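One file, data-v2.cif, is given below (mmCIF, C-alpha atoms and all ligand atoms).
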```
data_target
loop_
_atom_site.group_PDB
_atom_site.id
_atom_site.type_symbol
_atom_site.label_atom_id
_atom_site.label_comp_id
_atom_site.auth_asym_id
_atom_site.auth_seq_id
_atom_site.Cartn_x
_atom_site.Cartn_y
_atom_site.Cartn_z
ATOM 1 C CA MET A 1 7.728 15.749 -17.113
ATOM 2 C CA SER A 2 7.513 14.305 -13.623
ATOM 3 C CA PHE A 3 10.503 12.756 -11.835
ATOM 4 C CA PHE A 4 9.442 9.158 -12.488
ATOM 5 C CA GLU A 5 8.553 9.861 -16.142
ATOM 6 C CA GLN A 6 12.095 11.187 -16.499
ATOM 7 C CA HIS A 7 13.443 8.092 -14.721
ATOM 8 C CA ASP A 8 11.104 5.446 -16.108
ATOM 9 C CA ARG A 9 13.509 2.600 -15.349
ATOM 10 C CA PHE A 10 11.818 2.596 -11.918
ATOM 11 C CA PHE A 11 8.581 1.423 -13.554
ATOM 12 C CA GLN A 12 10.402 -1.819 -14.421
ATOM 13 C CA SER A 13 13.151 -2.345 -11.841
ATOM 14 C CA SER A 14 10.601 -3.362 -9.180
ATOM 15 C CA ILE A 15 7.037 -4.623 -9.259
ATOM 16 C CA VAL A 16 6.363 -3.199 -5.799
ATOM 17 C CA GLY A 17 3.831 -0.368 -6.187
ATOM 18 C CA ALA A 18 5.522 0.821 -9.391
ATOM 19 C CA TRP A 19 2.339 2.088 -11.089
ATOM 20 C CA PRO A 20 3.078 5.528 -12.609
ATOM 21 C CA LEU A 21 0.190 7.374 -10.911
ATOM 22 C CA ARG A 22 1.036 5.915 -7.499
ATOM 23 C CA LEU A 23 4.706 6.876 -7.807
ATOM 24 C CA ALA A 24 3.798 10.372 -9.084
ATOM 25 C CA LEU A 25 1.403 11.084 -6.198
ATOM 26 C CA ARG A 26 3.780 9.596 -3.627
ATOM 27 C CA HIS A 27 6.520 11.816 -5.097
ATOM 28 C CA HIS A 28 4.246 14.811 -4.494
ATOM 29 C CA ALA A 29 3.527 13.813 -0.878
ATOM 30 C CA ILE A 30 7.037 12.647 0.036
ATOM 31 C CA ILE A 31 9.402 14.862 -1.964
ATOM 32 C CA GLU A 32 7.659 17.954 -3.418
ATOM 33 C CA THR A 33 5.727 18.768 -0.231
ATOM 34 C CA ASN A 34 8.971 18.556 1.761
ATOM 35 C CA ALA A 35 11.232 20.190 -0.865
ATOM 36 C CA HIS A 36 12.679 22.599 1.718
ATOM 37 C CA CYS A 37 14.216 19.657 3.616
ATOM 38 C CA PHE A 38 16.431 18.362 0.799
ATOM 39 C CA ALA A 39 18.658 21.271 -0.334
ATOM 40 C CA GLY A 40 22.264 20.207 0.366
ATOM 41 C CA ALA A 41 21.077 17.488 2.763
ATOM 42 C CA ARG A 42 22.732 14.228 3.691
ATOM 43 C CA VAL A 43 19.877 11.724 3.403
ATOM 44 C CA LEU A 44 19.446 8.252 4.910
ATOM 45 C CA ASP A 45 16.934 6.163 2.924
ATOM 46 C CA LEU A 46 15.697 3.206 5.011
ATOM 47 C CA ALA A 47 14.489 0.142 3.094
ATOM 48 C CA SER A 48 15.896 1.759 -0.051
ATOM 49 C CA HIS A 49 14.595 -0.996 -2.360
ATOM 50 C CA ASP A 50 15.593 -0.224 -5.996
ATOM 51 C CA GLY A 51 16.856 3.279 -5.123
ATOM 52 C CA ARG A 52 13.722 5.103 -6.328
ATOM 53 C CA TRP A 53 13.477 7.529 -3.384
ATOM 54 C CA SER A 54 17.245 7.874 -3.011
ATOM 55 C CA LEU A 55 17.464 9.212 -6.565
ATOM 56 C CA ALA A 56 14.381 11.387 -6.026
ATOM 57 C CA ALA A 57 16.090 12.923 -2.968
ATOM 58 C CA LEU A 58 19.260 13.710 -4.955
ATOM 59 C CA ASN A 59 17.108 15.157 -7.741
ATOM 60 C CA ALA A 60 15.403 17.378 -5.129
ATOM 61 C CA GLY A 61 18.773 18.852 -4.145
ATOM 62 C CA ALA A 62 20.255 16.449 -1.596
ATOM 63 C CA ALA A 63 24.062 16.332 -1.530
ATOM 64 C CA HIS A 64 24.435 12.644 -0.664
ATOM 65 C CA VAL A 65 22.224 9.651 0.011
ATOM 66 C CA THR A 66 22.863 6.445 1.930
ATOM 67 C CA GLY A 67 20.412 3.611 1.366
ATOM 68 C CA VAL A 68 19.998 0.715 3.808
ATOM 69 C CA GLU A 69 18.241 -2.375 2.488
ATOM 70 C CA ALA A 70 18.036 -5.940 3.808
ATOM 71 C CA ARG A 71 17.907 -7.734 0.440
ATOM 72 C CA PRO A 72 21.297 -7.842 -1.338
ATOM 73 C CA ASP A 73 19.671 -8.265 -4.785
ATOM 74 C CA LEU A 74 17.789 -4.989 -4.256
ATOM 75 C CA VAL A 75 21.018 -3.234 -3.272
ATOM 76 C CA ALA A 76 22.471 -4.519 -6.566
ATOM 77 C CA THR A 77 19.411 -3.207 -8.437
ATOM 78 C CA ALA A 78 19.731 0.222 -6.798
ATOM 79 C CA ASN A 79 23.431 0.395 -7.730
ATOM 80 C CA ALA A 80 22.585 -0.615 -11.320
ATOM 81 C CA ASN A 81 19.860 2.057 -11.510
ATOM 82 C CA PHE A 82 22.247 4.752 -10.244
ATOM 83 C CA GLU A 83 24.941 3.655 -12.723
ATOM 84 C CA HIS A 84 22.335 3.738 -15.504
ATOM 85 C CA TYR A 85 21.418 7.333 -14.645
ATOM 86 C CA GLY A 86 25.091 8.351 -14.370
ATOM 87 C CA VAL A 87 24.989 9.493 -10.744
ATOM 88 C CA ALA A 88 28.447 10.474 -9.487
ATOM 89 C CA ARG A 89 29.835 7.636 -7.374
ATOM 90 C CA ASP A 90 30.682 9.912 -4.446
ATOM 91 C CA ARG A 91 27.017 10.973 -4.021
ATOM 92 C CA TYR A 92 25.593 7.654 -2.848
ATOM 93 C CA ASP A 93 26.130 4.435 -0.904
ATOM 94 C CA PHE A 94 23.808 1.450 -0.708
ATOM 95 C CA ILE A 95 24.388 -0.811 2.290
ATOM 96 C CA VAL A 96 22.951 -4.241 3.066
ATOM 97 C CA GLY A 97 21.473 -4.068 6.577
ATOM 98 C CA ASP A 98 18.685 -5.575 8.689
ATOM 99 C CA LEU A 99 16.838 -2.699 10.378
ATOM 100 C CA ASN A 100 15.297 -5.077 12.910
ATOM 101 C CA HIS A 101 18.606 -5.561 14.650
ATOM 102 C CA GLN A 102 20.534 -2.290 14.608
ATOM 103 C CA LEU A 103 20.309 0.682 16.959
ATOM 104 C CA GLN A 104 22.996 2.938 15.502
ATOM 105 C CA ALA A 105 22.799 4.499 12.043
ATOM 106 C CA PRO A 106 25.971 4.728 9.917
ATOM 107 C CA GLY A 107 26.648 8.374 10.836
ATOM 108 C CA ALA A 108 24.814 11.697 11.122
ATOM 109 C CA PHE A 109 22.181 12.746 8.570
ATOM 110 C CA ASP A 110 19.931 15.742 7.895
ATOM 111 C CA VAL A 111 16.928 13.807 6.559
ATOM 112 C CA VAL A 112 15.747 10.235 7.149
ATOM 113 C CA LEU A 113 13.338 8.665 4.659
ATOM 114 C CA CYS A 114 11.419 5.801 6.259
ATOM 115 C CA LEU A 115 9.171 4.846 3.355
ATOM 116 C CA GLY A 116 7.275 1.612 3.061
ATOM 117 C CA TYR A 117 9.009 0.016 6.024
ATOM 118 C CA PHE A 118 7.687 0.801 9.566
ATOM 119 C CA TYR A 119 4.836 -1.734 9.143
ATOM 120 C CA HIS A 120 7.212 -4.546 8.101
ATOM 121 C CA THR A 121 8.677 -4.882 11.604
ATOM 122 C CA LEU A 122 7.624 -5.480 15.207
ATOM 123 C CA ASN A 123 10.885 -3.916 16.439
ATOM 124 C CA HIS A 124 9.553 -0.360 16.206
ATOM 125 C CA LEU A 125 11.506 0.962 19.150
ATOM 126 C CA ALA A 126 14.790 -0.229 17.633
ATOM 127 C CA LEU A 127 13.776 1.524 14.396
ATOM 128 C CA TRP A 128 13.055 4.854 16.148
ATOM 129 C CA GLN A 129 16.228 4.544 18.227
ATOM 130 C CA TYR A 130 18.162 3.994 14.989
ATOM 131 C CA ILE A 131 16.474 7.020 13.352
ATOM 132 C CA ALA A 132 17.062 9.227 16.411
ATOM 133 C CA SER A 133 20.762 8.233 16.412
ATOM 134 C CA THR A 134 21.174 10.157 13.125
ATOM 135 C CA ASN A 135 20.268 13.488 14.808
ATOM 136 C CA ALA A 136 18.306 14.244 11.626
ATOM 137 C CA GLN A 137 16.281 17.451 11.558
ATOM 138 C CA HIS A 138 13.599 15.845 9.379
ATOM 139 C CA VAL A 139 12.075 12.371 9.115
ATOM 140 C CA VAL A 140 9.691 11.574 6.265
ATOM 141 C CA LEU A 141 7.444 8.585 6.983
ATOM 142 C CA ASP A 142 5.167 6.744 4.596
ATOM 143 C CA GLY A 143 3.455 3.429 4.995
ATOM 144 C CA GLU A 144 0.508 1.266 5.929
ATOM 145 C CA VAL A 145 -1.364 2.126 9.091
ATOM 146 C CA THR A 146 -4.215 0.620 11.032
ATOM 147 C CA PRO A 147 -7.242 2.893 10.498
ATOM 148 C CA GLY A 148 -8.760 4.537 13.578
ATOM 149 C CA GLU A 149 -7.625 6.739 16.437
ATOM 150 C CA ASP A 150 -6.903 4.091 19.077
ATOM 151 C CA MET A 151 -3.366 3.525 20.366
ATOM 152 C CA ILE A 152 -3.046 0.157 18.620
ATOM 153 C CA ILE A 153 -0.383 -1.783 16.743
ATOM 154 C CA ARG A 154 -2.161 -4.516 14.760
ATOM 155 C CA VAL A 155 0.017 -7.617 14.476
ATOM 156 C CA VAL A 156 -0.100 -9.677 11.270
ATOM 157 C CA THR A 157 2.047 -12.406 9.720
ATOM 158 C CA GLU A 158 4.013 -11.692 6.591
ATOM 159 C CA ASP A 159 5.535 -14.026 4.017
ATOM 160 C CA ILE A 160 9.210 -13.097 3.642
ATOM 161 C CA SER A 161 9.391 -14.486 0.087
ATOM 162 C CA ALA A 162 7.726 -11.326 -1.299
ATOM 163 C CA HIS A 163 10.194 -8.512 -1.999
ATOM 164 C CA ALA A 164 7.704 -5.963 -0.668
ATOM 165 C CA ASN A 165 7.615 -7.615 2.744
ATOM 166 C CA GLY A 166 9.709 -7.706 5.864
ATOM 167 C CA ILE A 167 12.691 -9.957 6.342
ATOM 168 C CA SER A 168 14.704 -10.524 9.473
ATOM 169 C CA ALA A 169 17.800 -12.275 10.784
ATOM 170 C CA ALA A 170 15.722 -13.603 13.706
ATOM 171 C CA GLY A 171 12.112 -14.556 14.307
ATOM 172 C CA VAL A 172 11.346 -16.067 10.902
ATOM 173 C CA LEU A 173 9.578 -19.446 11.122
ATOM 174 C CA ASN A 174 8.360 -21.391 8.085
ATOM 175 C CA GLY A 175 9.001 -18.358 5.914
ATOM 176 C CA GLN A 176 6.748 -16.126 8.042
ATOM 177 C CA MET A 177 7.460 -13.290 10.430
ATOM 178 C CA LEU A 178 5.316 -11.131 12.690
ATOM 179 C CA VAL A 179 4.998 -7.448 11.877
ATOM 180 C CA GLY A 180 2.946 -4.603 13.364
ATOM 181 C CA ARG A 181 0.884 -1.847 11.746
ATOM 182 C CA PRO A 182 0.487 1.140 14.059
ATOM 183 C CA THR A 183 -2.377 3.614 13.935
ATOM 184 C CA THR A 184 -1.405 7.199 13.067
ATOM 185 C CA SER A 185 -1.894 7.999 16.784
ATOM 186 C CA VAL A 186 0.791 5.460 17.681
ATOM 187 C CA LEU A 187 3.109 6.738 14.937
ATOM 188 C CA GLY A 188 2.738 10.289 16.243
ATOM 189 C CA ALA A 189 3.373 9.144 19.832
ATOM 190 C CA MET A 190 6.463 7.165 18.818
ATOM 191 C CA LEU A 191 7.893 10.133 16.921
ATOM 192 C CA ARG A 192 7.198 12.512 19.821
ATOM 193 C CA HIS A 193 8.811 10.058 22.253
ATOM 194 C CA PHE A 194 12.015 10.208 20.191
ATOM 195 C CA GLY A 195 11.969 14.018 19.863
ATOM 196 C CA TYR A 196 9.975 14.810 16.714
ATOM 197 C CA ASP A 197 6.802 16.815 16.096
ATOM 198 C CA CYS A 198 4.697 15.099 13.474
ATOM 199 C CA THR A 199 2.364 16.444 10.742
ATOM 200 C CA PHE A 200 0.368 14.122 8.504
ATOM 201 C CA PHE A 201 0.001 14.813 4.791
ATOM 202 C CA ASP A 202 -3.576 15.489 3.606
ATOM 203 C CA TRP A 203 -4.124 12.708 1.035
ATOM 204 C CA ALA A 204 -7.889 13.275 0.875
ATOM 205 C CA THR A 205 -7.433 16.826 -0.416
ATOM 206 C CA LEU A 206 -4.740 15.814 -2.921
ATOM 207 C CA LEU A 207 -6.887 13.035 -4.398
ATOM 208 C CA ARG A 208 -9.945 15.297 -4.555
ATOM 209 C CA GLU A 209 -8.009 18.155 -6.210
ATOM 210 C CA ARG A 210 -6.440 15.798 -8.771
ATOM 211 C CA GLY A 211 -9.756 14.025 -9.426
ATOM 212 C CA VAL A 212 -8.252 10.619 -8.614
ATOM 213 C CA ALA A 213 -10.805 7.834 -8.118
ATOM 214 C CA PHE A 214 -10.174 5.038 -5.612
ATOM 215 C CA ASP A 215 -11.986 2.266 -3.785
ATOM 216 C CA GLN A 216 -11.595 -0.071 -0.795
ATOM 217 C CA SER A 217 -9.996 -2.897 -2.775
ATOM 218 C CA THR A 218 -6.319 -3.731 -2.415
ATOM 219 C CA GLN A 219 -4.154 -1.294 -4.340
ATOM 220 C CA SER A 220 -3.544 -2.375 -7.928
ATOM 221 C CA ALA A 221 -2.906 -1.018 -11.419
ATOM 222 C CA THR A 222 -6.576 0.035 -11.584
ATOM 223 C CA ASN A 223 -6.745 1.317 -7.988
ATOM 224 C CA PRO A 224 -3.188 2.591 -7.522
ATOM 225 C CA VAL A 225 -3.756 4.810 -4.467
ATOM 226 C CA GLY A 226 -6.804 3.173 -2.882
ATOM 227 C CA ASP A 227 -4.837 2.517 0.318
ATOM 228 C CA TYR A 228 -4.130 6.256 0.768
ATOM 229 C CA GLY A 229 -7.681 7.191 -0.242
ATOM 230 C CA VAL A 230 -9.377 5.024 2.381
ATOM 231 C CA GLY A 231 -6.872 5.753 5.175
ATOM 232 C CA ARG A 232 -4.977 2.436 5.169
ATOM 233 C CA ARG A 233 -1.769 4.281 4.390
ATOM 234 C CA ALA A 234 -0.354 7.622 5.518
ATOM 235 C CA THR A 235 2.545 10.004 4.917
ATOM 236 C CA ALA A 236 4.016 12.276 7.582
ATOM 237 C CA LEU A 237 6.834 14.709 8.239
ATOM 238 C CA GLY A 238 8.605 14.614 11.584
ATOM 239 C CA VAL A 239 10.534 17.755 12.597
ATOM 240 C CA ARG A 240 13.034 17.484 15.434
ATOM 241 C CA VAL A 241 12.142 19.526 18.491
ATOM 242 C CA ASP A 242 15.390 21.092 19.738
HETATM 243 C C1 LIG A 301 7.275 -1.999 0.516
HETATM 244 S S1 LIG A 301 8.971 -1.975 0.125
HETATM 245 C C2 LIG A 301 9.254 -0.210 0.206
HETATM 246 C C3 LIG A 301 10.195 0.271 -0.872
HETATM 247 C C4 LIG A 301 10.414 1.779 -0.916
HETATM 248 N N1 LIG A 301 11.083 2.262 0.273
HETATM 249 C C5 LIG A 301 9.129 2.513 -1.135
HETATM 250 O O1 LIG A 301 8.596 3.086 -0.176
HETATM 251 O O2 LIG A 301 8.670 2.578 -2.286
HETATM 252 C C6 LIG A 301 9.702 -2.579 1.632
HETATM 253 C C7 LIG A 301 11.213 -2.646 1.576
HETATM 254 O O3 LIG A 301 11.701 -2.946 2.890
HETATM 255 C C8 LIG A 301 12.797 -3.826 2.763
HETATM 256 N N2 LIG A 301 12.984 -4.523 4.038
HETATM 257 C C9 LIG A 301 12.189 -5.475 4.579
HETATM 258 N N3 LIG A 301 12.665 -5.884 5.772
HETATM 259 C C10 LIG A 301 13.790 -5.152 5.993
HETATM 260 C C11 LIG A 301 14.718 -5.108 7.063
HETATM 261 N N4 LIG A 301 14.600 -5.917 8.138
HETATM 262 N N5 LIG A 301 15.746 -4.236 6.983
HETATM 263 C C12 LIG A 301 15.884 -3.420 5.885
HETATM 264 N N6 LIG A 301 15.034 -3.426 4.848
HETATM 265 C C13 LIG A 301 13.992 -4.279 4.896
HETATM 266 C C14 LIG A 301 12.325 -4.757 1.648
HETATM 267 O O4 LIG A 301 13.363 -5.554 1.132
HETATM 268 C C15 LIG A 301 11.740 -3.748 0.665
HETATM 269 O O5 LIG A 301 12.728 -3.224 -0.186
#
```
Using structure tokens, write down the structure from this file.
Ligand SMILES: C[S@@+](CC[C@H](N)C(=O)[O-])C[C@H]1O[C@@H](n2cnc3c(N)ncnc32)[C@H](O)[C@@H]1O
Amino acid sequence: MSFFEQHDRFFQSSIVGAWPLRLALRHHAIIETNAHCFAGARVLDLASHDGRWSLAALNAGAAHVTGVEARPDLVATANANFEHYGVARDRYDFIVGDLNHQLQAPGAFDVVLCLGYFYHTLNHLALWQYIASTNAQHVVLDGEVTPGEDMIIRVVTEDISAHANGISAAGVLNGQMLVGRPTTSVLGAMLRHFGYDCTFFDWATLLRERGVAFDQSTQSATNPVGDYGVGRRATALGVRVD
């Protein structure tokens, strides 16, 4: 059984991309492909949501995970999920924090998970500064990108009332904030600037090998990984260059 089939509470504790096939394939790209990073690691999970990737990291061998999440109700959900699965209290912490306005992470870490977040902010340099402050050897990134090779960050407005979206202590007007979706070229350049080599996961091969169909439409229960299939979303591993 896959990780999320074994922990099927995550199919209900959030409606954000919680379709079983999407979570299973993301688990492959984010956790299984990078299994060597997690053994004994101290992990920082940014935008930790309901704790889905924090628990996956512990399950993959991490020693401890710290989740940072802006929405207090999601921190409560993550704590409830960890209590439900009987995780030892000294193996995790979930902290309420706004990643738009912090430059210093709460300590040193071996692995940073930045999943589903870097396109919900326009303060990218603060985010990379924060990640670099951990001295982590590995950074796993996953999120929406602007297709194409140009060095572009496409700016869009986001409604903060949706739990999937960005939220910020400053810059929110009429319930909307500005966020930026980088191309993969920009993501790679930002990582290199802060000291990491970057390799992108090959979603096209995974979807072909697994026989997963997808189309251009917005991801949904019937098109759960369309965004990865058409190149609107990417996953990458950053390795610190010493
Ligand atoms: C699309 S969800 C990603 C959830 C999960 N990490 C994943 O990849 O499946 C985006 C998450 O970012 C959180 N978030 C949005 N703005 C934030 C901020 N300024 N600081 C910290 N977390 C934020 C949201 O509350 C939400 O949990």
| field | Test item: residues at most 10 Å from A:Phe118, only C-alpha atoms, excluding those fewer than 4 positions along its chain, as a list in words | value |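 Here the qualifying residues turn out to be Leu46, Ala47, Leu99, Cys114, Leu122, Asn123, His124, Leu127, Trp128, Leu141, Asp142, Gly143, Glu144, Val145, Gly166, Val179, Gly180, Arg181, Pro182 and Leu187 of chain A.
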| note | Of A:Val43, A:Leu125, A:Ile30, A:Val68, the one sitting nearest ligand LIG 301 (chain A) when using all atoms listed in the file is A:Val68
| said: Need the shell around A:Gln219: protein/DNA/RNA residues with any atom at most 12 Å away, counting only C-alpha atoms. Skip same-chain ones fewer than 4 positions apart. Format as a PyMOL selection string? | reply: chain A and resi 16-19+21-22+144+213-215+223-230+232-233
Starting from the PyMOL selection byres (((chain A and resi 95) around 8) and not hetatm), expand the selection into actual residues of this file and give them as a compact mmCIF listing (two decimals) with C-alpha atoms, in the coordinates of the input.
```txt
# COMPACT_ATOMS: atom_id res chain seq x y z
CA THR A 66 22.86 6.44 1.93
CA GLY A 67 20.41 3.61 1.37
CA VAL A 68 20.00 0.72 3.81
CA GLU A 69 18.24 -2.38 2.49
CA VAL A 75 21.02 -3.23 -3.27
CA ASP A 93 26.13 4.43 -0.90
CA PHE A 94 23.81 1.45 -0.71
CA VAL A 96 22.95 -4.24 3.07
CA GLY A 97 21.47 -4.07 6.58
```
| request: List the neighbours of A:Asn174 out to 12 Å using all atoms listed in the file; skip same-chain residues closer than 6 positions along the sequence, and give me the result as a ChimeraX atom specification. | output: /A:157-161
| message | Translate the PyMOL selection byres (((not hetatm)) within 6 of (chain A and resi 301)) into a concrete residue list for this structure, as a ChimeraX atom specification. | response | /A:47-49,69-71,97-100,115-117,163-168
Please write the residues from the selection above to a file, keeping C-alpha atoms, as a PDB file, in the coordinates of the input.
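Contents of the output file out04.pdb:
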```
ATOM      1  CA  ALA A  47      14.489   0.142   3.094  1.00  0.00           C
ATOM      2  CA  SER A  48      15.896   1.759  -0.051  1.00  0.00           C
ATOM      3  CA  HIS A  49      14.595  -0.996  -2.360  1.00  0.00           C
ATOM      4  CA  GLU A  69      18.241  -2.375   2.488  1.00  0.00           C
ATOM      5  CA  ALA A  70      18.036  -5.940   3.808  1.00  0.00           C
ATOM      6  CA  ARG A  71      17.907  -7.734   0.440  1.00  0.00           C
ATOM      7  CA  GLY A  97      21.473  -4.068   6.577  1.00  0.00           C
ATOM      8  CA  ASP A  98      18.685  -5.575   8.689  1.00  0.00           C
ATOM      9  CA  LEU A  99      16.838  -2.699  10.378  1.00  0.00           C
ATOM     10  CA  ASN A 100      15.297  -5.077  12.910  1.00  0.00           C
ATOM     11  CA  LEU A 115       9.171   4.846   3.355  1.00  0.00           C
ATOM     12  CA  GLY A 116       7.275   1.612   3.061  1.00  0.00           C
ATOM     13  CA  TYR A 117       9.009   0.016   6.024  1.00  0.00           C
ATOM     14  CA  HIS A 163      10.194  -8.512  -1.999  1.00  0.00           C
ATOM     15  CA  ALA A 164       7.704  -5.963  -0.668  1.00  0.00           C
ATOM     16  CA  ASN A 165       7.615  -7.615   2.744  1.00  0.00           C
ATOM     17  CA  GLY A 166       9.709  -7.706   5.864  1.00  0.00           C
ATOM     18  CA  ILE A 167      12.691  -9.957   6.342  1.00  0.00           C
ATOM     19  CA  SER A 168      14.704 -10.524   9.473  1.00  0.00           C
TER      20      SER A 168
END
```
| said: Here's the selection I'm unsure about, the PyMOL selection byres (((chain A and resi 33) around 12) and not hetatm); applied to the file above, which residues does it give, as a count of residues only? | reply: 24
Would you compute, for all listed atoms of stretch 224-230 of chain A, the axis-aligned bounding box grown by 5 Å on each side, and then report its centre and edge lengths in Å rounded to one decimal, as AutoDock Vina command-line options?
```
--center_x -6.3 --center_y 4.9 --center_z -2.6 --size_x 16.2 --size_y 14.7 --size_z 19.9
```
| query | Any idea what's packed within 6 Å of A:Ala41, counting all atoms listed in the file, ignoring anything in its chain fewer than 5 positions away? Could you give it as an MDAnalysis selection string? | reply | chainID A and resid 62:63 110
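Atom CA of A:Ser133 is found 13.4 Å from atom CA of A:His193.
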